[in-house]
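Participant: Please find one structure pasted underneath; my questions will follow.
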Amino acid sequence: MANYERTYGTARTIYTLLEAISWVVAIGGIVVCIVGISALGSVRSEMEAIGAFVGIIAGVLFALIGLISVAFVQTGRATVDQAEMSRDMLGLMRRESSRASSSNSVSSASATDANGSLIKS
């Protein structure tokens, strides 16, 4: 696969950008969750505790959304890869088909006897 031709450059660029954004969202969610957990240790009022719990819940949700987005992006990349592989397989099948049909015409044309008369099979 060293000489493999990659196409769909726009889709690949968009998927790369979306994956980077998704990872930032997931990591940001984890950081917010950790900050919320650490804030629970220094709670002085009920409102601070509610704020810490909201931070934890928001962090978990953002981390999940980010990870799910990464999975969707990877599915999209797999679809692009599948389209490229299908195109390559179709090209290979067409080349093999044309080789087979040309070898059949060559073998039928060479089916002659020593006098040059066609041999019926």
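Labels used: A, B, ... for chains in the order of the structure tokens, numbers from 1 for residues in each chain, and numbers from 1 for ligands as shown.
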Please list as an MDAnalysis selection string every residue within 12 Å of A:Ser38, counting only C-alpha atoms and excluding residues in the same chain fewer than 3 positions away.

Facilitator: chainID A and resid 31:35 41:43 48:49 51:53 55:56

Participant: I want to know what sits within 12 Å of stretch 14-16 of chain A, based on only C-alpha atoms, with residues of the same chain fewer than 5 positions away left out; could you give that as a list in words?

Facilitator: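 So, after excluding close chain neighbours, the residues are Tyr8, Gly9, Ile21, Ser22, Trp23, Ser69, Val70, Ala71, Phe72, Val73, Gln74, Thr75, Gly76, Arg77, Ala78, Thr79 and Val80 of chain A.
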
Participant: Next, dump the selected residues to file, keeping only N, CA and C atoms, as an mmCIF file, in the first residue's frame.

Facilitator:
data_model
loop_
_atom_site.group_PDB
_atom_site.id
_atom_site.type_symbol
_atom_site.label_atom_id
_atom_site.label_comp_id
_atom_site.auth_asym_id
_atom_site.auth_seq_id
_atom_site.Cartn_x
_atom_site.Cartn_y
_atom_site.Cartn_z
ATOM 1 N N TYR A 8 -10.634 12.288 -1.749
ATOM 2 C CA TYR A 8 -11.564 12.902 -0.808
ATOM 3 C C TYR A 8 -10.824 13.797 0.191
ATOM 4 N N GLY A 9 -9.964 14.652 -0.326
ATOM 5 C CA GLY A 9 -9.147 15.518 0.521
ATOM 6 C C GLY A 9 -9.969 16.456 1.387
ATOM 7 N N ILE A 21 -11.479 19.092 17.367
ATOM 8 C CA ILE A 21 -12.467 19.793 18.197
ATOM 9 C C ILE A 21 -13.124 18.832 19.186
ATOM 10 N N SER A 22 -13.436 17.635 18.732
ATOM 11 C CA SER A 22 -14.074 16.640 19.604
ATOM 12 C C SER A 22 -13.163 16.259 20.761
ATOM 13 N N TRP A 23 -11.876 16.086 20.481
ATOM 14 C CA TRP A 23 -10.941 15.754 21.555
ATOM 15 C C TRP A 23 -10.807 16.916 22.539
ATOM 16 N N SER A 69 -18.534 12.165 19.689
ATOM 17 C CA SER A 69 -18.195 12.876 18.458
ATOM 18 C C SER A 69 -16.954 12.285 17.804
ATOM 19 N N VAL A 70 -15.965 11.913 18.601
ATOM 20 C CA VAL A 70 -14.766 11.260 18.054
ATOM 21 C C VAL A 70 -15.158 9.957 17.363
ATOM 22 N N ALA A 71 -16.058 9.197 17.970
ATOM 23 C CA ALA A 71 -16.507 7.939 17.359
ATOM 24 C C ALA A 71 -17.213 8.197 16.033
ATOM 25 N N PHE A 72 -18.054 9.224 15.973
ATOM 26 C CA PHE A 72 -18.737 9.558 14.714
ATOM 27 C C PHE A 72 -17.735 9.973 13.633
ATOM 28 N N VAL A 73 -16.743 10.752 14.020
ATOM 29 C CA VAL A 73 -15.726 11.183 13.059
ATOM 30 C C VAL A 73 -14.960 9.973 12.530
ATOM 31 N N GLN A 74 -14.607 9.049 13.399
ATOM 32 C CA GLN A 74 -13.884 7.864 12.953
ATOM 33 C C GLN A 74 -14.745 6.994 12.049
ATOM 34 N N THR A 75 -16.047 6.979 12.292
ATOM 35 C CA THR A 75 -16.957 6.258 11.394
ATOM 36 C C THR A 75 -16.978 6.915 10.018
ATOM 37 N N GLY A 76 -16.993 8.236 9.993
ATOM 38 C CA GLY A 76 -16.940 8.953 8.724
ATOM 39 C C GLY A 76 -15.661 8.689 7.963
ATOM 40 N N ARG A 77 -14.538 8.664 8.669
ATOM 41 C CA ARG A 77 -13.259 8.343 8.020
ATOM 42 C C ARG A 77 -13.265 6.924 7.469
ATOM 43 N N ALA A 78 -13.842 6.011 8.207
ATOM 44 C CA ALA A 78 -13.931 4.637 7.720
ATOM 45 C C ALA A 78 -14.778 4.559 6.462
ATOM 46 N N THR A 79 -15.813 5.371 6.382
ATOM 47 C CA THR A 79 -16.650 5.407 5.179
ATOM 48 C C THR A 79 -15.852 5.912 3.981
ATOM 49 N N VAL A 80 -15.050 6.943 4.183
ATOM 50 C CA VAL A 80 -14.201 7.462 3.108
ATOM 51 C C VAL A 80 -13.188 6.399 2.685
#

Participant: What does the distance between atom CA of A:Arg99 and atom CA of A:Ser86 come to in Å, to one decimal place?

Facilitator: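 Value for the atom CA of A:Arg99-atom CA of A:Ser86 distance: 19.9 Å.
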
Participant: Any idea what the distance is between atom CA of A:Gly59 and atom CA of A:Leu40?

Facilitator: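 That distance, rounded to one decimal, is 14.1 Å.
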
Participant: To one decimal in Å, tell me the separation between atom CA of A:Ala83 and atom CA of A:Thr13.

Facilitator: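 Those two atoms sit 16.2 Å apart.
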